[in-house]
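This report refers to the structure that appears directly beneath it.
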Amino acid sequence: MKSNQRDSDVKRLEGKRAIVTGAGQGIGRAIALRLAVEGARVIVNSAREASCGAAAEAIRKAGGEAIAVAGDVGTPEAVTTVVEAATKELGGVDILVNNAGVNRDGLLMRMKDEDWDEVLRINLKSAFLLSRAVARPMMKNRWGRIVNVTSIVGLVGNPGQANYCAAKAGMVGLTKSLAKELASRGILVNAVAPGFIETKMTAALDEKYRETLKAEIPLSRIGEPDEIAAPVAFLCSDEASYITGAVIEVTGGLGM
């Protein structure tokens with residue numbers, strides 16, 4: 001595992017207030033920790049209260065500031081709870097990272113309606129609901145960063161993941177549309193598209209398939225969550241002040 005610390009001690013996100021969804025484990029947890037290490041105060045969200053609390057505690061142990069707010073952000077009620085917590089506890093929201101997601105894989109002919117609906121609701125609708133909720137205060141402040149965590153499969157497709165790919169492709173369209181809508185108010189909206197990353201999902205793959213995957217990746221390895229957190233933190237900083245509507249692929253070269 002790579003370190004979340006940057007080579008420099010400069011905290012690019014000092015004083016910023018962030019919400020990171022799907023932050024109980026894996027990529028989301030790495031993103032929340034990275035933002036906190038760089039100075040942001042973070043609302044850590046996940047649907048599971050235990051993992052949400054554990055992630056927030058890990059951030060505090062690392063010297064960062066974090067508040068756990070559990071809830072399924074695919075519902076308007078949970079989004080209201082999360083945003084109200086950010087307003088009350090942090091005083092507002094400067095950064096939103098839409099990372100919440102699930103997969104319900106299956107071939108098209110066998111995919112149930114509920115599997116389609118659940119993936120689109122949690123992966124895509126949550127990003128819409130949260131972006132809408134934070135847009136107005138960001139517009140008032142004339143500064144904001146929204147980063148959507150999509151996927152390489154949202155750009156190239158993948159058999160057995162029609163629902164997941166559709167949701168992730170939808171996040172790309174959402175990113176570009178919001179980037180055009182909000183640019184004049186100082187709000188930058190970008191996306192990061194991970195390839196295969198070491199998470200519980202990839203850990204469940206059998207070794208033969210993992211080796212097949214590695215053979216298709218020019219860098220010949222599966223990525224680490226911290227390698228997604230780094231570009232997300234960059235996009236949230238003033239160093240990315242002339243980037244909006246971009247989709248940054250972090251794939252080890254997969255999909256070229």
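Residue numbers start at 1 in each chain; chains themselves are named A, B, ... in the order of the structure tokens; ligands are numbered from 1 in the order shown.
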
Excluding range 126-140 of chain A and its own-chain neighbours fewer than 3 positions away, which residues fall within 8 Å of it when counting only C-alpha atoms? Please give them as a PDB file with N, CA and C atoms, in the first residue's frame.
```
ATOM      1  N   VAL A  73     -27.235   7.053   0.081  1.00  0.00           N
ATOM      2  CA  VAL A  73     -27.403   8.331  -0.612  1.00  0.00           C
ATOM      3  C   VAL A  73     -28.105   8.194  -1.967  1.00  0.00           C
ATOM      4  N   GLY A  74     -28.593   7.004  -2.253  1.00  0.00           N
ATOM      5  CA  GLY A  74     -29.471   6.841  -3.403  1.00  0.00           C
ATOM      6  C   GLY A  74     -30.892   7.274  -3.077  1.00  0.00           C
ATOM      7  N   THR A  75     -31.108   7.733  -1.841  1.00  0.00           N
ATOM      8  CA  THR A  75     -32.425   8.214  -1.406  1.00  0.00           C
ATOM      9  C   THR A  75     -32.331   9.690  -1.047  1.00  0.00           C
ATOM     10  N   PRO A  76     -33.347  10.477  -1.359  1.00  0.00           N
ATOM     11  CA  PRO A  76     -33.331  11.904  -1.017  1.00  0.00           C
ATOM     12  C   PRO A  76     -33.191  12.156   0.475  1.00  0.00           C
ATOM     13  N   VAL A  79     -29.548  11.893   1.537  1.00  0.00           N
ATOM     14  CA  VAL A  79     -28.803  13.034   0.993  1.00  0.00           C
ATOM     15  C   VAL A  79     -29.038  14.270   1.849  1.00  0.00           C
ATOM     16  N   THR A  80     -30.283  14.489   2.238  1.00  0.00           N
ATOM     17  CA  THR A  80     -30.601  15.623   3.110  1.00  0.00           C
ATOM     18  C   THR A  80     -29.845  15.516   4.428  1.00  0.00           C
ATOM     19  N   VAL A  83     -26.002  16.274   3.814  1.00  0.00           N
ATOM     20  CA  VAL A  83     -25.731  17.691   3.533  1.00  0.00           C
ATOM     21  C   VAL A  83     -26.016  18.556   4.760  1.00  0.00           C
ATOM     22  N   GLY A  92     -20.546  24.082   5.901  1.00  0.00           N
ATOM     23  CA  GLY A  92     -20.806  24.109   4.467  1.00  0.00           C
ATOM     24  C   GLY A  92     -20.071  23.020   3.724  1.00  0.00           C
ATOM     25  N   VAL A  93     -20.123  23.083   2.404  1.00  0.00           N
ATOM     26  CA  VAL A  93     -19.484  22.073   1.554  1.00  0.00           C
ATOM     27  C   VAL A  93     -18.730  22.775   0.434  1.00  0.00           C
ATOM     28  N   ASP A  94     -17.449  22.473   0.309  1.00  0.00           N
ATOM     29  CA  ASP A  94     -16.632  22.985  -0.793  1.00  0.00           C
ATOM     30  C   ASP A  94     -16.338  21.897  -1.825  1.00  0.00           C
ATOM     31  N   LEU A  96     -17.280  17.821  -3.157  1.00  0.00           N
ATOM     32  CA  LEU A  96     -18.131  16.636  -3.158  1.00  0.00           C
ATOM     33  C   LEU A  96     -17.480  15.576  -4.022  1.00  0.00           C
ATOM     34  N   ASN A  98     -18.425  11.991  -5.422  1.00  0.00           N
ATOM     35  CA  ASN A  98     -19.475  10.988  -5.603  1.00  0.00           C
ATOM     36  C   ASN A  98     -18.836   9.646  -5.942  1.00  0.00           C
ATOM     37  N   ALA A 100     -20.128   6.577  -4.149  1.00  0.00           N
ATOM     38  CA  ALA A 100     -21.005   5.477  -3.727  1.00  0.00           C
ATOM     39  C   ALA A 100     -21.350   4.591  -4.914  1.00  0.00           C
ATOM     40  N   ARG A 121     -29.782   3.487  -9.267  1.00  0.00           N
ATOM     41  CA  ARG A 121     -30.177   4.358  -8.159  1.00  0.00           C
ATOM     42  C   ARG A 121     -28.972   4.737  -7.295  1.00  0.00           C
ATOM     43  N   ILE A 122     -28.192   3.749  -6.895  1.00  0.00           N
ATOM     44  CA  ILE A 122     -27.088   4.010  -5.977  1.00  0.00           C
ATOM     45  C   ILE A 122     -25.892   4.632  -6.694  1.00  0.00           C
ATOM     46  N   ASN A 123     -25.568   4.140  -7.874  1.00  0.00           N
ATOM     47  CA  ASN A 123     -24.366   4.611  -8.565  1.00  0.00           C
ATOM     48  C   ASN A 123     -24.558   5.947  -9.270  1.00  0.00           C
ATOM     49  N   TRP A 143     -17.150  29.005  -5.534  1.00  0.00           N
ATOM     50  CA  TRP A 143     -16.021  28.052  -5.496  1.00  0.00           C
ATOM     51  C   TRP A 143     -16.580  26.680  -5.148  1.00  0.00           C
ATOM     52  N   GLY A 144     -16.151  25.682  -5.871  1.00  0.00           N
ATOM     53  CA  GLY A 144     -16.580  24.326  -5.553  1.00  0.00           C
ATOM     54  C   GLY A 144     -15.878  23.310  -6.432  1.00  0.00           C
ATOM     55  N   ILE A 146     -16.571  19.228  -7.662  1.00  0.00           N
ATOM     56  CA  ILE A 146     -17.325  17.977  -7.677  1.00  0.00           C
ATOM     57  C   ILE A 146     -16.516  16.977  -8.499  1.00  0.00           C
ATOM     58  N   ASN A 148     -16.624  13.003  -9.735  1.00  0.00           N
ATOM     59  CA  ASN A 148     -17.407  11.772  -9.863  1.00  0.00           C
ATOM     60  C   ASN A 148     -16.480  10.611 -10.160  1.00  0.00           C
ATOM     61  N   MET A 171     -22.559   8.748 -15.393  1.00  0.00           N
ATOM     62  CA  MET A 171     -21.781   9.684 -14.581  1.00  0.00           C
ATOM     63  C   MET A 171     -20.887  10.565 -15.455  1.00  0.00           C
ATOM     64  N   LEU A 174     -23.196  13.159 -16.871  1.00  0.00           N
ATOM     65  CA  LEU A 174     -23.538  14.084 -15.784  1.00  0.00           C
ATOM     66  C   LEU A 174     -22.382  15.046 -15.527  1.00  0.00           C
ATOM     67  N   LEU A 182     -22.050  24.877 -14.457  1.00  0.00           N
ATOM     68  CA  LEU A 182     -21.562  25.492 -13.231  1.00  0.00           C
ATOM     69  C   LEU A 182     -20.244  26.246 -13.376  1.00  0.00           C
ATOM     70  N   ARG A 185     -19.753  29.912 -12.308  1.00  0.00           N
ATOM     71  CA  ARG A 185     -19.840  30.199 -10.872  1.00  0.00           C
ATOM     72  C   ARG A 185     -18.627  29.683 -10.096  1.00  0.00           C
ATOM     73  N   GLY A 186     -17.581  29.307 -10.815  1.00  0.00           N
ATOM     74  CA  GLY A 186     -16.356  28.874 -10.147  1.00  0.00           C
ATOM     75  C   GLY A 186     -16.385  27.452  -9.635  1.00  0.00           C
ATOM     76  N   ILE A 187     -17.323  26.644 -10.131  1.00  0.00           N
ATOM     77  CA  ILE A 187     -17.440  25.246  -9.703  1.00  0.00           C
ATOM     78  C   ILE A 187     -16.901  24.345 -10.810  1.00  0.00           C
TER      79      ILE A 187
END
```

Tell me, as a PyMOL selection string, which residues lie within 8 Å of range 41-51 of chain A, counting only C-alpha atoms; anything in the same chain fewer than 5 positions away does not count. chain A and resi 15-25+32+35-36+56+64-73+82+85-86+90+100

May I have the residues within 7 Å of Glu14 in chain A as an MDAnalysis selection string, using only C-alpha atoms and disregarding those fewer than 2 positions away in the same chain? chainID A and resid 11:12 16 38:40

Please tabulate, as CSV, the residues of range 173-208 of chain A that come within 12 Å of range 232-251 of chain A, each with its closest pair of atoms and the distance in Å to one decimal, counting only C-alpha atoms and ordering rows by chain, then residue number upward.
```
residue,atom,partner,partner_atom,distance
A:Gly173,CA,A:Gly245,CA,9.4
A:Leu174,CA,A:Gly245,CA,9.4
A:Thr175,CA,A:Gly245,CA,6.1
A:Lys176,CA,A:Gly245,CA,4.7
A:Ser177,CA,A:Gly245,CA,7.9
A:Leu178,CA,A:Gly245,CA,7.9
A:Ala179,CA,A:Gly245,CA,5.1
A:Lys180,CA,A:Gly245,CA,7.4
A:Glu181,CA,A:Gly245,CA,10.4
A:Leu182,CA,A:Thr244,CA,9.7
A:Ala183,CA,A:Thr244,CA,7.7
A:Ser184,CA,A:Thr244,CA,11.2
A:Gly186,CA,A:Ser241,CA,9.1
A:Ile187,CA,A:Thr244,CA,8.5
A:Leu188,CA,A:Thr244,CA,5.1
A:Val189,CA,A:Thr244,CA,5.3
A:Asn190,CA,A:Gly245,CA,5.0
A:Ala191,CA,A:Val247,CA,4.6
A:Val192,CA,A:Ile248,CA,4.7
A:Ala193,CA,A:Glu249,CA,4.6
A:Pro194,CA,A:Val250,CA,4.8
A:Gly195,CA,A:Thr251,CA,4.0
A:Phe196,CA,A:Thr251,CA,6.7
A:Ile197,CA,A:Thr251,CA,8.3
A:Glu198,CA,A:Thr251,CA,11.9
```

Please produce a file of the residues just selected, as an mmCIF file, in the first residue's frame, where the atoms kept are N, CA and C atoms.
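Dumped to selection-v2.cif:
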```cif
data_model
loop_
_atom_site.group_PDB
_atom_site.id
_atom_site.type_symbol
_atom_site.label_atom_id
_atom_site.label_comp_id
_atom_site.auth_asym_id
_atom_site.auth_seq_id
_atom_site.Cartn_x
_atom_site.Cartn_y
_atom_site.Cartn_z
ATOM 1 N N GLY A 173 -21.646 11.554 -18.562
ATOM 2 C CA GLY A 173 -22.547 12.563 -19.123
ATOM 3 C C GLY A 173 -22.941 13.604 -18.096
ATOM 4 N N LEU A 174 -23.196 13.159 -16.871
ATOM 5 C CA LEU A 174 -23.538 14.084 -15.784
ATOM 6 C C LEU A 174 -22.382 15.046 -15.527
ATOM 7 N N THR A 175 -21.177 14.512 -15.498
ATOM 8 C CA THR A 175 -19.982 15.325 -15.266
ATOM 9 C C THR A 175 -19.861 16.441 -16.292
ATOM 10 N N LYS A 176 -19.973 16.087 -17.545
ATOM 11 C CA LYS A 176 -19.784 17.077 -18.611
ATOM 12 C C LYS A 176 -20.911 18.114 -18.631
ATOM 13 N N SER A 177 -22.128 17.665 -18.367
ATOM 14 C CA SER A 177 -23.247 18.608 -18.339
ATOM 15 C C SER A 177 -23.118 19.598 -17.184
ATOM 16 N N LEU A 178 -22.795 19.090 -15.997
ATOM 17 C CA LEU A 178 -22.656 19.973 -14.840
ATOM 18 C C LEU A 178 -21.457 20.893 -14.986
ATOM 19 N N ALA A 179 -20.403 20.401 -15.618
ATOM 20 C CA ALA A 179 -19.225 21.240 -15.836
ATOM 21 C C ALA A 179 -19.608 22.477 -16.647
ATOM 22 N N LYS A 180 -20.442 22.295 -17.668
ATOM 23 C CA LYS A 180 -20.863 23.420 -18.499
ATOM 24 C C LYS A 180 -21.841 24.330 -17.755
ATOM 25 N N GLU A 181 -22.717 23.735 -16.948
ATOM 26 C CA GLU A 181 -23.696 24.536 -16.209
ATOM 27 C C GLU A 181 -23.061 25.403 -15.126
ATOM 28 N N LEU A 182 -22.050 24.877 -14.457
ATOM 29 C CA LEU A 182 -21.562 25.492 -13.231
ATOM 30 C C LEU A 182 -20.244 26.246 -13.376
ATOM 31 N N ALA A 183 -19.618 26.165 -14.520
ATOM 32 C CA ALA A 183 -18.284 26.769 -14.693
ATOM 33 C C ALA A 183 -18.281 28.264 -14.397
ATOM 34 N N SER A 184 -19.324 28.973 -14.818
ATOM 35 C CA SER A 184 -19.345 30.432 -14.645
ATOM 36 C C SER A 184 -19.414 30.844 -13.186
ATOM 37 N N GLY A 186 -17.581 29.307 -10.815
ATOM 38 C CA GLY A 186 -16.356 28.874 -10.147
ATOM 39 C C GLY A 186 -16.385 27.452 -9.635
ATOM 40 N N ILE A 187 -17.323 26.644 -10.131
ATOM 41 C CA ILE A 187 -17.440 25.246 -9.703
ATOM 42 C C ILE A 187 -16.901 24.345 -10.810
ATOM 43 N N LEU A 188 -15.908 23.549 -10.478
ATOM 44 C CA LEU A 188 -15.292 22.646 -11.438
ATOM 45 C C LEU A 188 -15.821 21.235 -11.200
ATOM 46 N N VAL A 189 -16.197 20.570 -12.273
ATOM 47 C CA VAL A 189 -16.769 19.218 -12.187
ATOM 48 C C VAL A 189 -15.973 18.301 -13.098
ATOM 49 N N ASN A 190 -15.377 17.286 -12.503
ATOM 50 C CA ASN A 190 -14.555 16.342 -13.254
ATOM 51 C C ASN A 190 -14.847 14.913 -12.823
ATOM 52 N N ALA A 191 -14.301 13.974 -13.555
ATOM 53 C CA ALA A 191 -14.477 12.565 -13.222
ATOM 54 C C ALA A 191 -13.137 11.843 -13.264
ATOM 55 N N VAL A 192 -13.027 10.826 -12.439
ATOM 56 C CA VAL A 192 -11.882 9.926 -12.467
ATOM 57 C C VAL A 192 -12.416 8.541 -12.804
ATOM 58 N N ALA A 193 -11.792 7.897 -13.779
ATOM 59 C CA ALA A 193 -12.242 6.576 -14.236
ATOM 60 C C ALA A 193 -11.194 5.528 -13.884
ATOM 61 N N PRO A 194 -11.364 4.836 -12.750
ATOM 62 C CA PRO A 194 -10.399 3.796 -12.390
ATOM 63 C C PRO A 194 -10.505 2.578 -13.310
ATOM 64 N N GLY A 195 -9.387 1.881 -13.414
ATOM 65 C CA GLY A 195 -9.390 0.559 -14.035
ATOM 66 C C GLY A 195 -9.591 -0.476 -12.948
ATOM 67 N N PHE A 196 -8.868 -1.571 -13.013
ATOM 68 C CA PHE A 196 -8.976 -2.607 -11.985
ATOM 69 C C PHE A 196 -8.097 -2.225 -10.794
ATOM 70 N N ILE A 197 -8.753 -2.095 -9.641
ATOM 71 C CA ILE A 197 -8.097 -1.629 -8.419
ATOM 72 C C ILE A 197 -8.250 -2.692 -7.339
ATOM 73 N N GLU A 198 -7.253 -2.801 -6.464
ATOM 74 C CA GLU A 198 -7.301 -3.784 -5.379
ATOM 75 C C GLU A 198 -8.373 -3.398 -4.359
#
```

Residues flagged strand (DSSP E) by DSSP in range 67-123 of chain A, as a PDB file with N, CA and C atoms, in the first residue's frame:
```pdb
ATOM      1  N   ILE A  67     -16.114  13.171  10.191  1.00  0.00           N
ATOM      2  CA  ILE A  67     -17.382  12.880  10.854  1.00  0.00           C
ATOM      3  C   ILE A  67     -18.094  11.813  10.045  1.00  0.00           C
ATOM      4  N   ALA A  68     -18.512  10.747  10.704  1.00  0.00           N
ATOM      5  CA  ALA A  68     -19.216   9.662  10.030  1.00  0.00           C
ATOM      6  C   ALA A  68     -20.703   9.967   9.943  1.00  0.00           C
ATOM      7  N   VAL A  69     -21.255   9.849   8.739  1.00  0.00           N
ATOM      8  CA  VAL A  69     -22.694  10.016   8.545  1.00  0.00           C
ATOM      9  C   VAL A  69     -23.165   8.871   7.649  1.00  0.00           C
ATOM     10  N   ALA A  70     -23.763   7.863   8.263  1.00  0.00           N
ATOM     11  CA  ALA A  70     -24.209   6.694   7.513  1.00  0.00           C
ATOM     12  C   ALA A  70     -25.525   6.983   6.796  1.00  0.00           C
ATOM     13  N   ILE A  95     -16.280  20.647  -1.343  1.00  0.00           N
ATOM     14  CA  ILE A  95     -15.867  19.520  -2.177  1.00  0.00           C
ATOM     15  C   ILE A  95     -16.864  18.385  -2.030  1.00  0.00           C
ATOM     16  N   LEU A  96     -17.280  17.821  -3.157  1.00  0.00           N
ATOM     17  CA  LEU A  96     -18.131  16.636  -3.158  1.00  0.00           C
ATOM     18  C   LEU A  96     -17.480  15.576  -4.022  1.00  0.00           C
ATOM     19  N   VAL A  97     -17.267  14.405  -3.452  1.00  0.00           N
ATOM     20  CA  VAL A  97     -16.764  13.265  -4.221  1.00  0.00           C
ATOM     21  C   VAL A  97     -17.851  12.200  -4.245  1.00  0.00           C
ATOM     22  N   ASN A  98     -18.425  11.991  -5.422  1.00  0.00           N
ATOM     23  CA  ASN A  98     -19.475  10.988  -5.603  1.00  0.00           C
ATOM     24  C   ASN A  98     -18.836   9.646  -5.942  1.00  0.00           C
TER      25      ASN A  98
END
```

Hey, what does DSSP flag as helix (DSSP H, G or I) within range 118-177 of chain A? Can you give it to me as a ChimeraX atom specification? /A:118-141,153-156,162-177

Of the candidates A:Val10, A:Leu254, A:Ile228, A:Leu108, which one gets nearest to Val153 in chain A if we count only C-alpha atoms? A:Leu254

Please provide as a PyMOL selection string all residues within 10 Å of range 161-168 of chain A, with the sequence filter that same-chain residues fewer than 4 positions apart are discarded (counting only C-alpha atoms). chain A and resi 101-108+111+113+115-125+148-157+172-174+193
